[in-house]
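The file model_15.cif contains mmCIF, C-alpha atoms and all ligand atoms:
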data_target
loop_
_atom_site.label_atom_id
_atom_site.label_comp_id
_atom_site.auth_asym_id
_atom_site.auth_seq_id
_atom_site.Cartn_x
_atom_site.Cartn_y
_atom_site.Cartn_z
CA MET A 1 0.00 0.00 0.00
CA ARG A 2 1.26 3.48 -0.84
CA GLY A 3 1.40 6.16 1.81
CA ILE A 4 -0.73 9.28 2.10
CA GLU A 5 -0.29 11.65 -0.85
CA PHE A 6 -0.83 15.40 -0.68
CA ARG A 7 -2.98 15.23 -3.81
CA ASP A 8 -3.25 11.65 -5.12
CA LEU A 9 -3.41 11.83 -8.91
CA LYS A 10 -2.35 8.21 -9.32
CA ARG A 11 -5.29 6.98 -7.27
CA GLN A 12 -7.60 9.16 -9.34
CA TYR A 13 -6.20 7.58 -12.51
CA GLU A 14 -6.71 4.08 -11.12
CA VAL A 15 -10.39 4.89 -10.52
CA LEU A 16 -10.91 6.55 -13.92
CA LYS A 17 -8.52 4.29 -15.90
CA GLU A 18 -10.99 2.59 -18.19
CA GLN A 19 -12.71 5.79 -19.38
CA MET A 20 -9.43 7.67 -19.42
CA ASP A 21 -7.59 5.15 -21.58
CA GLY A 22 -10.57 4.99 -23.94
CA ALA A 23 -10.66 8.79 -24.27
CA VAL A 24 -6.92 9.10 -24.89
CA PHE A 25 -6.75 6.30 -27.48
CA ARG A 26 -9.77 7.76 -29.27
CA VAL A 27 -7.79 10.97 -29.80
CA LEU A 28 -4.62 9.13 -30.84
CA ALA A 29 -6.61 7.36 -33.55
CA SER A 30 -8.40 10.53 -34.66
CA GLY A 31 -5.47 12.26 -36.37
CA GLN A 32 -6.58 15.60 -34.83
CA TYR A 33 -4.14 16.60 -32.06
CA ILE A 34 -4.36 20.33 -31.44
CA GLY A 35 -7.76 21.97 -31.31
CA GLY A 36 -10.49 20.19 -33.28
CA PRO A 37 -13.83 18.71 -32.20
CA GLU A 38 -12.57 17.23 -28.90
CA VAL A 39 -11.46 20.69 -27.77
CA SER A 40 -14.61 22.49 -29.04
CA ARG A 41 -16.83 19.97 -27.25
CA LEU A 42 -14.96 20.49 -24.01
CA GLU A 43 -15.11 24.29 -24.32
CA LYS A 44 -18.88 24.11 -24.83
CA ARG A 45 -19.29 21.88 -21.76
CA LEU A 46 -17.08 24.11 -19.62
CA ALA A 47 -18.95 27.27 -20.64
CA ASP A 48 -22.28 25.57 -19.87
CA TYR A 49 -21.08 24.39 -16.47
CA ILE A 50 -19.61 27.77 -15.47
CA GLY A 51 -22.52 29.73 -16.96
CA THR A 52 -20.65 32.01 -19.36
CA LYS A 53 -21.27 32.58 -23.06
CA TYR A 54 -17.71 31.73 -24.04
CA CYS A 55 -14.89 29.45 -22.99
CA ILE A 56 -11.60 29.68 -24.88
CA SER A 57 -9.02 27.06 -23.98
CA CYS A 58 -5.31 27.84 -24.08
CA GLY A 59 -1.88 26.53 -23.14
CA ASN A 60 -1.95 27.14 -19.37
CA GLY A 61 -3.37 29.35 -16.62
CA THR A 62 -0.53 31.87 -16.86
CA ASP A 63 -1.11 32.42 -20.58
CA ALA A 64 -4.84 32.73 -19.89
CA LEU A 65 -4.18 35.76 -17.65
CA GLN A 66 -1.67 37.29 -20.04
CA LEU A 67 -3.98 36.82 -23.05
CA LEU A 68 -6.72 38.73 -21.24
CA LEU A 69 -4.46 41.65 -20.31
CA ILE A 70 -3.35 41.86 -23.94
CA ALA A 71 -6.95 41.63 -25.17
CA TYR A 72 -8.01 44.47 -22.85
CA GLY A 73 -5.11 46.57 -24.09
CA VAL A 74 -3.37 46.84 -20.71
CA GLY A 75 0.25 47.95 -21.08
CA PRO A 76 2.96 50.44 -20.09
CA GLY A 77 1.81 53.11 -17.63
CA ASP A 78 -1.03 50.94 -16.36
CA ALA A 79 -1.36 49.76 -12.74
CA VAL A 80 -2.77 46.27 -12.19
CA PHE A 81 -3.87 45.49 -8.62
CA ILE A 82 -3.32 41.97 -7.29
CA PRO A 83 -3.31 40.29 -3.88
CA ASP A 84 0.10 40.12 -2.18
CA PHE A 85 -0.64 36.55 -1.08
CA THR A 86 -0.94 34.32 -4.17
CA PHE A 87 1.04 32.20 -6.61
CA PHE A 88 3.74 34.08 -8.55
CA ALA A 89 1.96 33.74 -11.94
CA THR A 90 -0.81 36.19 -10.95
CA GLY A 91 1.85 38.92 -10.82
CA GLU A 92 4.34 37.64 -13.37
CA ILE A 93 2.17 38.41 -16.38
CA ILE A 94 1.86 42.10 -15.48
CA PRO A 95 5.45 43.26 -16.10
CA ALA A 96 5.51 40.74 -18.96
CA ILE A 97 3.15 43.06 -20.87
CA GLY A 98 4.85 46.23 -19.64
CA ALA A 99 2.36 47.17 -16.90
CA THR A 100 3.04 47.65 -13.17
CA PRO A 101 1.83 45.21 -10.48
CA VAL A 102 0.43 46.88 -7.36
CA PHE A 103 0.37 44.58 -4.33
CA VAL A 104 -2.69 44.73 -2.10
CA ASP A 105 -3.18 43.19 1.35
CA VAL A 106 -5.50 40.25 1.97
CA ASP A 107 -8.26 39.51 4.45
CA PRO A 108 -6.79 37.58 7.40
CA ARG A 109 -9.78 35.22 7.47
CA THR A 110 -10.49 34.44 3.82
CA PHE A 111 -6.86 35.00 2.65
CA ASN A 112 -8.35 36.73 -0.42
CA ILE A 113 -7.76 40.31 -1.61
CA ASP A 114 -9.14 42.80 0.92
CA PRO A 115 -11.56 45.30 -0.68
CA LEU A 116 -10.60 48.08 1.79
CA SER A 117 -6.91 47.61 1.11
CA LEU A 118 -7.69 47.64 -2.62
CA GLU A 119 -9.47 51.00 -2.32
CA SER A 120 -6.57 52.50 -0.35
CA ALA A 121 -4.10 51.25 -2.96
CA ILE A 122 -6.17 52.71 -5.82
CA GLY A 123 -6.37 56.03 -3.94
CA GLU A 124 -2.60 56.09 -3.46
CA ILE A 125 -1.90 55.31 -7.12
CA ILE A 126 -4.27 58.08 -8.23
CA ARG A 127 -2.68 60.57 -5.79
CA GLU A 128 0.84 59.71 -6.92
CA GLY A 129 -0.26 60.20 -10.52
CA ILE A 130 2.47 58.03 -12.05
CA TYR A 131 0.36 55.06 -13.14
CA ARG A 132 -3.20 54.81 -14.42
CA PRO A 133 -5.36 52.33 -12.46
CA ALA A 134 -6.37 49.85 -15.19
CA ALA A 135 -7.30 46.44 -13.81
CA VAL A 136 -7.67 44.29 -10.72
CA ILE A 137 -7.05 40.53 -10.63
CA PRO A 138 -8.55 38.94 -7.51
CA VAL A 139 -7.56 35.32 -6.89
CA ASP A 140 -9.87 32.56 -5.61
CA LEU A 141 -7.18 31.40 -3.23
CA PHE A 142 -7.24 27.76 -2.15
CA GLY A 143 -10.61 27.40 -3.91
CA LEU A 144 -12.58 30.11 -2.10
CA PRO A 145 -14.06 32.77 -4.40
CA ALA A 146 -12.94 36.33 -3.59
CA ASP A 147 -15.46 38.93 -2.38
CA TYR A 148 -16.85 39.68 -5.86
CA PRO A 149 -19.93 41.60 -4.70
CA ARG A 150 -17.71 44.28 -3.12
CA LEU A 151 -14.87 43.98 -5.63
CA SER A 152 -17.23 44.53 -8.59
CA GLU A 153 -18.54 47.69 -6.97
CA ILE A 154 -15.00 49.06 -6.54
CA ALA A 155 -14.00 48.06 -10.08
CA LYS A 156 -17.05 49.87 -11.42
CA ARG A 157 -16.44 53.00 -9.33
CA TYR A 158 -12.84 53.34 -10.56
CA ASP A 159 -13.48 52.02 -14.07
CA LEU A 160 -11.15 49.02 -13.62
CA ILE A 161 -11.24 45.84 -15.65
CA LEU A 162 -11.96 42.96 -13.25
CA ILE A 163 -10.31 39.64 -14.11
CA GLU A 164 -10.98 36.64 -11.86
CA ASP A 165 -7.93 34.40 -11.44
CA GLY A 166 -9.84 31.16 -10.94
CA ALA A 167 -6.82 28.85 -11.35
CA GLN A 168 -7.65 27.34 -7.96
CA GLY A 169 -11.30 28.32 -7.93
CA PHE A 170 -12.85 25.99 -10.53
CA GLY A 171 -15.75 24.21 -8.83
CA GLY A 172 -16.35 26.90 -6.20
CA ALA A 173 -19.30 29.31 -6.12
CA ILE A 174 -21.04 32.21 -4.40
CA SER A 175 -24.69 31.19 -3.99
CA ASP A 176 -25.57 29.68 -7.37
CA LYS A 177 -23.04 31.67 -9.39
CA ARG A 178 -19.99 29.59 -10.14
CA ALA A 179 -16.36 30.61 -9.83
CA CYS A 180 -14.82 31.57 -13.20
CA SER A 181 -17.96 33.57 -14.06
CA PHE A 182 -17.15 36.70 -12.01
CA GLY A 183 -15.84 40.02 -13.31
CA ASP A 184 -15.40 41.01 -16.94
CA ALA A 185 -13.56 37.78 -17.66
CA ALA A 186 -12.02 34.90 -15.72
CA THR A 187 -9.25 32.37 -16.13
CA THR A 188 -8.50 28.90 -14.88
CA SER A 189 -5.61 26.44 -15.00
CA PHE A 190 -5.68 22.73 -15.80
CA PHE A 191 -2.26 22.09 -14.20
CA PRO A 192 -2.49 18.50 -12.86
CA ALA A 193 -2.83 19.43 -9.16
CA LYS A 194 -5.58 22.05 -9.64
CA PRO A 195 -9.21 21.16 -8.84
CA LEU A 196 -9.75 20.30 -12.53
CA GLY A 197 -6.38 19.16 -13.86
CA CYS A 198 -5.23 17.44 -17.02
CA TYR A 199 -2.07 15.36 -17.59
CA GLY A 200 0.10 18.27 -18.67
CA ASP A 201 -0.41 22.00 -19.03
CA GLY A 202 -3.71 23.59 -19.98
CA GLY A 203 -5.85 26.61 -19.22
CA ALA A 204 -9.00 28.47 -20.18
CA ILE A 205 -10.64 31.88 -20.34
CA PHE A 206 -14.31 32.52 -19.57
CA THR A 207 -16.31 35.59 -20.56
CA ASP A 208 -19.68 36.85 -21.79
CA ASP A 209 -18.00 39.55 -23.87
CA THR A 210 -18.14 38.62 -27.57
CA GLU A 211 -15.47 41.10 -28.63
CA ILE A 212 -12.99 39.94 -25.96
CA ALA A 213 -13.75 36.28 -26.73
CA GLU A 214 -12.98 36.79 -30.42
CA LEU A 215 -9.84 38.77 -29.67
CA VAL A 216 -8.55 36.13 -27.23
CA ARG A 217 -9.31 33.36 -29.73
CA SER A 218 -7.27 35.17 -32.34
CA LEU A 219 -4.41 35.83 -29.90
CA THR A 220 -4.12 32.12 -29.00
CA VAL A 221 -3.41 31.27 -32.66
CA HIS A 222 -0.72 33.77 -33.70
CA GLY A 223 -3.17 36.66 -34.04
CA LYS A 224 -5.11 34.97 -36.82
CA GLY A 225 -7.72 36.90 -38.80
CA ASN A 226 -10.18 35.11 -41.05
CA HIS A 227 -7.93 32.08 -41.25
CA LYS A 228 -4.67 30.77 -39.82
CA TYR A 229 -2.41 32.41 -42.41
CA ASP A 230 -4.19 35.75 -42.28
CA ASN A 231 -2.25 37.16 -39.32
CA VAL A 232 -3.76 40.49 -38.31
CA ARG A 233 -2.08 41.12 -34.92
CA ILE A 234 0.85 39.91 -32.83
CA GLY A 235 -0.39 36.97 -30.80
CA MET A 236 0.93 33.85 -29.12
CA ASN A 237 0.88 30.11 -29.64
CA SER A 238 -1.21 28.96 -26.70
CA ARG A 239 -3.62 26.12 -27.30
CA LEU A 240 -5.01 23.05 -25.60
CA ASP A 241 -4.05 19.63 -26.95
CA ALA A 242 -6.89 17.33 -28.00
CA VAL A 243 -5.51 14.59 -25.70
CA GLN A 244 -5.74 16.96 -22.74
CA ALA A 245 -9.29 17.95 -23.72
CA ALA A 246 -10.32 14.27 -23.76
CA ILE A 247 -8.71 13.74 -20.35
CA LEU A 248 -10.45 16.85 -18.99
CA SER A 249 -13.84 15.71 -20.19
CA VAL A 250 -13.49 12.49 -18.15
CA LYS A 251 -12.23 14.44 -15.13
CA LEU A 252 -15.00 17.05 -15.40
CA ASP A 253 -17.58 14.25 -15.09
CA ALA A 254 -15.86 12.94 -11.96
CA LEU A 255 -15.53 16.43 -10.45
CA ILE A 256 -19.21 17.19 -10.94
CA LYS A 257 -20.49 13.72 -9.99
CA TYR A 258 -18.60 13.12 -6.76
CA GLU A 259 -15.17 14.73 -6.34
CA LEU A 260 -16.40 18.14 -5.13
CA ASP A 261 -18.81 16.47 -2.68
CA ALA A 262 -16.10 14.12 -1.42
CA MET A 263 -13.79 17.05 -0.70
CA THR A 264 -16.57 19.01 1.01
CA ARG A 265 -17.13 16.03 3.30
CA ILE A 266 -13.43 15.81 4.14
CA HIS A 267 -13.28 19.59 4.69
CA THR A 268 -16.22 19.40 7.12
CA TYR A 269 -14.65 16.48 8.97
CA TYR A 270 -11.24 18.23 9.22
CA SER A 271 -12.81 21.46 10.45
CA GLY A 272 -14.92 19.61 13.01
CA LYS A 273 -11.79 17.96 14.39
CA LEU A 274 -9.64 21.11 14.43
CA ALA A 275 -11.97 24.02 15.21
CA ASP A 276 -11.18 23.96 18.94
CA ILE A 277 -7.37 23.94 18.62
CA VAL A 278 -6.31 25.87 15.52
CA GLN A 279 -7.59 28.46 13.03
CA ILE A 280 -9.47 26.52 10.35
CA PRO A 281 -10.41 27.80 6.87
CA TYR A 282 -13.13 30.43 7.04
CA ILE A 283 -15.94 29.98 4.51
CA PRO A 284 -18.39 32.92 4.47
CA GLU A 285 -22.09 32.17 4.21
CA ARG A 286 -23.28 31.28 0.70
CA TYR A 287 -19.66 30.69 -0.40
CA PHE A 288 -18.50 27.30 -1.66
CA THR A 289 -14.85 26.34 -1.90
CA SER A 290 -13.45 23.94 -4.49
CA ASN A 291 -10.98 22.84 -1.78
CA ALA A 292 -7.93 23.37 -3.95
CA GLN A 293 -6.14 23.45 -0.58
CA TYR A 294 -7.16 22.90 3.04
CA THR A 295 -5.06 25.45 4.88
CA ILE A 296 -4.81 26.03 8.62
CA LYS A 297 -3.21 28.99 10.39
CA LEU A 298 -0.84 28.22 13.26
CA PRO A 299 -0.04 30.64 16.11
CA ASP A 300 3.47 31.37 14.79
CA MET A 301 6.17 30.29 12.37
CA ALA A 302 8.05 28.04 14.84
CA THR A 303 4.90 26.03 15.61
CA ARG A 304 4.04 25.79 11.91
CA ASP A 305 7.48 24.53 10.96
CA GLU A 306 7.54 22.10 13.88
CA LEU A 307 4.14 20.70 12.95
CA ARG A 308 5.35 20.27 9.39
CA ARG A 309 8.43 18.35 10.56
CA TYR A 310 6.34 16.21 12.91
CA LEU A 311 3.87 15.33 10.16
CA ARG A 312 6.76 14.34 7.91
CA THR A 313 8.11 11.92 10.53
CA GLN A 314 4.61 10.38 10.62
CA GLY A 315 4.53 9.97 6.83
CA ILE A 316 2.02 12.80 6.30
CA PRO A 317 2.90 15.35 3.60
CA SER A 318 2.04 19.04 4.02
CA ASN A 319 2.98 22.22 2.15
CA VAL A 320 3.46 25.93 2.75
CA TYR A 321 1.49 27.97 0.23
CA TYR A 322 3.06 30.53 0.10
CA PRO A 323 6.33 31.01 1.93
CA SER A 324 6.95 34.53 0.59
CA PRO A 325 4.61 37.45 -0.04
CA MET A 326 4.67 38.69 -3.62
CA ASN A 327 6.18 42.06 -2.68
CA ARG A 328 9.32 40.35 -1.31
CA LEU A 329 10.03 38.18 -4.34
CA ARG A 330 13.22 39.23 -6.07
CA ALA A 331 11.59 39.13 -9.50
CA PHE A 332 9.36 42.05 -8.49
CA SER A 333 12.02 44.25 -6.90
CA GLY A 334 12.05 47.56 -8.73
CA VAL A 335 9.08 46.37 -10.80
CA GLY A 336 6.16 46.09 -8.38
CA VAL A 337 4.64 48.80 -6.20
CA SER A 338 3.43 48.45 -2.58
CA PRO A 339 1.57 51.63 -1.63
CA VAL A 340 -0.32 50.03 1.28
CA ASN A 341 0.50 48.07 4.41
CA LEU A 342 0.78 44.33 3.66
CA ALA A 343 0.80 43.04 7.23
CA ASN A 344 -1.81 40.30 6.80
CA SER A 345 -0.06 38.82 3.79
CA GLU A 346 3.35 38.89 5.55
CA ASN A 347 1.79 37.28 8.60
CA LEU A 348 0.08 34.48 6.66
CA CYS A 349 3.30 33.44 4.95
CA ASN A 350 4.77 32.64 8.37
CA ARG A 351 1.76 30.81 9.73
CA VAL A 352 -0.12 28.83 7.07
CA LEU A 353 0.12 25.10 6.45
CA SER A 354 -1.83 23.12 3.86
CA LEU A 355 -2.82 19.55 4.72
CA PRO A 356 -3.46 16.63 2.33
CA MET A 357 -6.75 17.23 0.50
CA HIS A 358 -8.12 15.26 -2.42
CA PRO A 359 -11.27 13.27 -3.19
CA TYR A 360 -9.54 9.89 -2.98
CA LEU A 361 -8.40 10.07 0.65
CA LYS A 362 -9.61 7.00 2.52
CA GLU A 363 -11.47 7.04 5.81
CA ALA A 364 -8.50 5.60 7.72
CA GLU A 365 -6.10 8.14 6.16
CA ILE A 366 -8.37 11.07 7.01
CA GLU A 367 -8.57 9.88 10.61
CA ARG A 368 -4.83 9.36 10.84
CA ILE A 369 -4.11 12.86 9.49
CA MET A 370 -6.48 14.43 12.00
CA GLY A 371 -5.24 12.28 14.87
CA THR A 372 -1.65 13.26 14.16
CA VAL A 373 -2.36 17.00 13.84
CA ARG A 374 -4.41 16.93 17.05
CA VAL A 375 -1.75 15.08 19.03
CA PHE A 376 0.83 17.69 18.02
CA LEU A 377 -1.35 20.74 18.66
CA LYS A 378 -2.64 19.50 22.02
CA GLY A 379 0.98 19.01 23.10
CA VAL A 380 1.71 22.58 22.03
CA GLY A 381 -1.34 24.00 23.79
CA SER A 382 -0.82 22.31 27.19
C1 LIG A 401 -1.55 27.68 -10.88
C2 LIG A 401 -1.88 29.11 -10.83
C3 LIG A 401 -1.70 29.95 -11.95
C4 LIG A 401 -1.00 29.52 -13.21
O1 LIG A 401 -1.50 28.39 -13.83
P1 LIG A 401 -0.54 27.51 -14.79
O2 LIG A 401 -1.49 26.66 -15.54
O3 LIG A 401 0.38 26.75 -13.91
O4 LIG A 401 0.19 28.45 -15.69
C5 LIG A 401 -2.13 31.26 -11.86
N1 LIG A 401 -2.69 31.73 -10.73
C6 LIG A 401 -2.86 30.97 -9.63
C7 LIG A 401 -3.51 31.55 -8.43
C8 LIG A 401 -2.45 29.63 -9.64
O5 LIG A 401 -2.62 28.88 -8.55
#
Represent the structure contained in this file as structure tokens.
Amino acid sequence: MRGIEFRDLKRQYEVLKEQMDGAVFRVLASGQYIGGPEVSRLEKRLADYIGTKYCISCGNGTDALQLLLIAYGVGPGDAVFIPDFTFFATGEIIPAIGATPVFVDVDPRTFNIDPLSLESAIGEIIREGIYRPAAVIPVDLFGLPADYPRLSEIAKRYDLILIEDGAQGFGGAISDKRACSFGDAATTSFFPAKPLGCYGDGGAIFTDDTEIAELVRSLTVHGKGNHKYDNVRIGMNSRLDAVQAAILSVKLDALIKYELDAMTRIHTYYSGKLADIVQIPYIPERYFTSNAQYTIKLPDMATRDELRRYLRTQGIPSNVYYPSPMNRLRAFSGVGVSPVNLANSENLCNRVLSLPMHPYLKEAEIERIMGTVRVFLKGVGS
């Protein structure tokens, strides 16, 4: 028997093997390997599930964000507001197109971009008068949708483009509106370990905006016009392989049918076991998380690191997402701007720990993980 995995993709394959192999071999025999009917069918299904008019697949979640910034014409002189506590890619694409990332603090409970901090940052950028506030990219961190009701209001007030980074959010929702349908446009990633992952790289863009959808579609295929060799703008080569589309269609079924429910059950069990001894994930009312990560907040860095070591000795993997706030990453030095206090983000980096979370965890494994975490934390508390 294998040990506990942080996210067990092999076990998922074992369960889905028959359908998966069938889907992959069907593509191999089809002669159509990039784009084509397999990809169009998947895009249609994804758009229907999310509830947007359009879904345009592309090479990965990073390209998806960059394609949107290009499509909206964001560039030099523009400020793009992002949370200081997220994966590097959310920020990376901003200097890549010549714009300036502005780091904003996060809510200490949801870990998502804090609307008040966003407003302060916008105010500062306007006062300084160097950059033009152009866009905001909230992230659905660890699967929990950001506060879109308030964020949309702010975006509207300051005339900002709102792009949802739903790389981790796919499968989440606020009431009956699904993640990847918020803002002017949204993105997701099909990196293997994301809530909906393929067996390689992949990504997608969701929007109701016909003009943006057409522009993005053109940009993914070398800026094509009426046909592939009618190149009307500078684009990229960023497309989804047919094999990955076939894999995703099998995985989308599983996600909808039982994976999301299985993770919700594990989340509820974890939180029930831990609520009295540690800060558990906070899920606001009417919010649904896709459980991309189950992340607890320890009292301090020493306790966090000790718990991580202890879990490792017990054969339980855990991870720190993310060890460094964006504003401190060397890649952004001299490139990014931090006009507001980022205390919550700095604090979280020292204190968070993500525990194993995936739909194929077995009863005995779930109990062992909880038992081990509890033993450690009770020792610390007494
Ligand atoms: C994974 C991730 C991305 C990038 O997705 P890739 O498919 O790996 O390029 C962007 N933003 C966030 C928040 C992510 O977690």
Exercise for the section: Find the residues near Asn350 in chain A: any atom within 12 Å, counting only C-alpha atoms, skip ones fewer than 6 places away on the same chain, and give them as a list of chain:residue names. Expected result: A:Phe85, A:Ile296, A:Lys297, A:Leu298, A:Pro299, A:Asp300, A:Met301, A:Ala302, A:Thr303, A:Arg304, A:Asp305, A:Val320, A:Tyr321, A:Tyr322, A:Pro323, A:Ser324, A:Pro325, A:Ala343, A:Asn344
Problem - Using all atoms listed in the file: which of A:Arg150, A:Lys194, A:Lys362, A:His227 has the shortest distance to Ala167 in chain A - result: A:Lys194
Problem - Leu141 in chain A environment, 7 Å, all atoms listed in the file, sequence neighbours closer than 2 positions dropped, as a list of chain:residue names - result: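 The contact residues come out as A:Thr86, A:Phe111, A:Asn112, A:Val139, A:Gly143, A:Leu144, A:Gln168, A:Gly169.
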Problem - Interatomic distance (Å, one decimal) between CA of Ala71 in chain A and CA of Thr52 in chain A - result: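 Computing the Euclidean distance for CA of Ala71 in chain A and CA of Thr52 in chain A yields 17.7 Å.
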Fill in the blank from the handout: Between A:Ala185, A:Val232, A:Val243, A:Ala262, smallest distance to Asp201 in chain A by only C-alpha atoms belongs to A:Val243
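Closest approach to ligand LIG 401 (chain A) from the set A:Asp140, A:Asp48, A:Asp261, A:Asp8 is made by A:Asp140, with distances taken over only C-alpha atoms and all ligand atoms.
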Exercise for the section: Name all residues at most 8 Å from Gly200 in chain A (count all atoms listed in the file; drop same-chain ones fewer than 4 positions away) and give them as a VMD selection string. Expected result: chain A and resid 190 to 192 244
Practice task
Select, from A:Pro145, A:Pro37, A:Pro95, A:Gly202, the residue with the minimum atom-to-atom distance to ligand LIG 401 (chain A), counting all atoms listed in the file.
Solution key: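 Looking only at the distances to ligand LIG 401 (chain A), the closest residue turns out to be A:Gly202.
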Exercise for the section: Could you tell me which of A:Val106, A:Leu42, A:Leu311, A:Ile234 comes closest to Thr220 in chain A if we count only C-alpha atoms? Expected result: A:Ile234
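Taking all atoms listed in the file into account, the polymer residues that have an atom no farther than 9 Å from (-13.2, 9.6, -16.7) are A:Tyr13, A:Val15, A:Leu16, A:Lys17, A:Glu18, A:Gln19, A:Met20, A:Asp21, A:Gly22, A:Ala23, A:Ala246, A:Ile247, A:Leu248, A:Ser249, A:Val250, A:Lys251, A:Leu252, A:Asp253, A:Ala254.
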Completion exercise
Students should find that atom C8 of ligand LIG 401 (chain A) and CA of Gly272 in chain A are spaced 27.7 Å
Practice task
In Å, rounded to a single decimal, give me how far CA of Ser40 in chain A is from CA of Arg26 in chain A.
Solution key: 15.5 Å
Using only C-alpha atoms, give me every residue within 8 Å of (-17.6, 38.9, -12.6) in file coordinates, as a PDB file with C-alpha atoms, keeping the file's coordinate frame.
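File result06.pdb, as written:
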ATOM      1  CA  TYR A 148     -16.850  39.680  -5.860  1.00  0.00           C
ATOM      2  CA  SER A 152     -17.230  44.530  -8.590  1.00  0.00           C
ATOM      3  CA  LEU A 162     -11.960  42.960 -13.250  1.00  0.00           C
ATOM      4  CA  ILE A 163     -10.310  39.640 -14.110  1.00  0.00           C
ATOM      5  CA  GLU A 164     -10.980  36.640 -11.860  1.00  0.00           C
ATOM      6  CA  CYS A 180     -14.820  31.570 -13.200  1.00  0.00           C
ATOM      7  CA  SER A 181     -17.960  33.570 -14.060  1.00  0.00           C
ATOM      8  CA  PHE A 182     -17.150  36.700 -12.010  1.00  0.00           C
ATOM      9  CA  GLY A 183     -15.840  40.020 -13.310  1.00  0.00           C
ATOM     10  CA  ASP A 184     -15.400  41.010 -16.940  1.00  0.00           C
ATOM     11  CA  ALA A 185     -13.560  37.780 -17.660  1.00  0.00           C
ATOM     12  CA  ALA A 186     -12.020  34.900 -15.720  1.00  0.00           C
TER      13      ALA A 186
END
Fill in the blank from the handout: Using only C-alpha atoms and all ligand atoms, the shortest atom-to-atom distance to ligand LIG 401 (chain A) among A:Arg239, A:Arg233, A:Arg330, A:Lys156 belongs to A:Arg239
Using all atoms of ligand LIG 401 (chain A) that appear in the file, construct an axis-aligned enclosing box with 6 Å of padding on every side and provide its centre coordinates and edge lengths in Å, rounded to one decimal, as lines of an AutoDock Vina configuration file.
center_x = -1.6
center_y = 29.2
center_z = -12.1
size_x = 15.9
size_y = 17.1
size_z = 19.3
Handout entry: Non-local contacts of Leu219 in chain A (12 Å; all atoms listed in the file; under 5 positions in same chain excluded) as a PyMOL selection string
Key = chain A and resi 56-59+63-64+66-72+212-214+224-225+228+231-239
Got a minute to add N, CA, C and O atoms to range 65-74 of chain A and dump it as a JSON list (two decimals), keeping the file's coordinate frame?
[["chain", "number", "residue", "atom", "x", "y", "z"],
["A", 65, "LEU", "N", -4.20, 34.42, -18.24],
["A", 65, "LEU", "CA", -4.18, 35.76, -17.65],
["A", 65, "LEU", "C", -3.53, 36.78, -18.59],
["A", 65, "LEU", "O", -4.04, 37.87, -18.81],
["A", 66, "GLN", "N", -2.41, 36.37, -19.16],
["A", 66, "GLN", "CA", -1.67, 37.29, -20.04],
["A", 66, "GLN", "C", -2.49, 37.62, -21.29],
["A", 66, "GLN", "O", -2.54, 38.77, -21.73],
["A", 67, "LEU", "N", -3.14, 36.61, -21.86],
["A", 67, "LEU", "CA", -3.98, 36.82, -23.05],
["A", 67, "LEU", "C", -5.07, 37.85, -22.77],
["A", 67, "LEU", "O", -5.36, 38.70, -23.62],
["A", 68, "LEU", "N", -5.66, 37.77, -21.57],
["A", 68, "LEU", "CA", -6.72, 38.73, -21.24],
["A", 68, "LEU", "C", -6.17, 40.14, -21.11],
["A", 68, "LEU", "O", -6.78, 41.10, -21.60],
["A", 69, "LEU", "N", -5.03, 40.29, -20.44],
["A", 69, "LEU", "CA", -4.46, 41.65, -20.31],
["A", 69, "LEU", "C", -4.15, 42.23, -21.68],
["A", 69, "LEU", "O", -4.40, 43.41, -21.94],
["A", 70, "ILE", "N", -3.64, 41.39, -22.58],
["A", 70, "ILE", "CA", -3.35, 41.86, -23.94],
["A", 70, "ILE", "C", -4.67, 42.24, -24.64],
["A", 70, "ILE", "O", -4.79, 43.31, -25.23],
["A", 71, "ALA", "N", -5.67, 41.38, -24.50],
["A", 71, "ALA", "CA", -6.95, 41.63, -25.17],
["A", 71, "ALA", "C", -7.59, 42.93, -24.68],
["A", 71, "ALA", "O", -8.20, 43.67, -25.45],
["A", 72, "TYR", "N", -7.44, 43.23, -23.39],
["A", 72, "TYR", "CA", -8.01, 44.47, -22.85],
["A", 72, "TYR", "C", -7.12, 45.68, -23.10],
["A", 72, "TYR", "O", -7.44, 46.79, -22.67],
["A", 73, "GLY", "N", -5.97, 45.45, -23.74],
["A", 73, "GLY", "CA", -5.11, 46.57, -24.09],
["A", 73, "GLY", "C", -4.35, 47.16, -22.91],
["A", 73, "GLY", "O", -3.98, 48.33, -22.92],
["A", 74, "VAL", "N", -4.13, 46.36, -21.86],
["A", 74, "VAL", "CA", -3.37, 46.84, -20.71],
["A", 74, "VAL", "C", -1.89, 46.83, -21.08],
["A", 74, "VAL", "O", -1.42, 45.89, -21.73]]
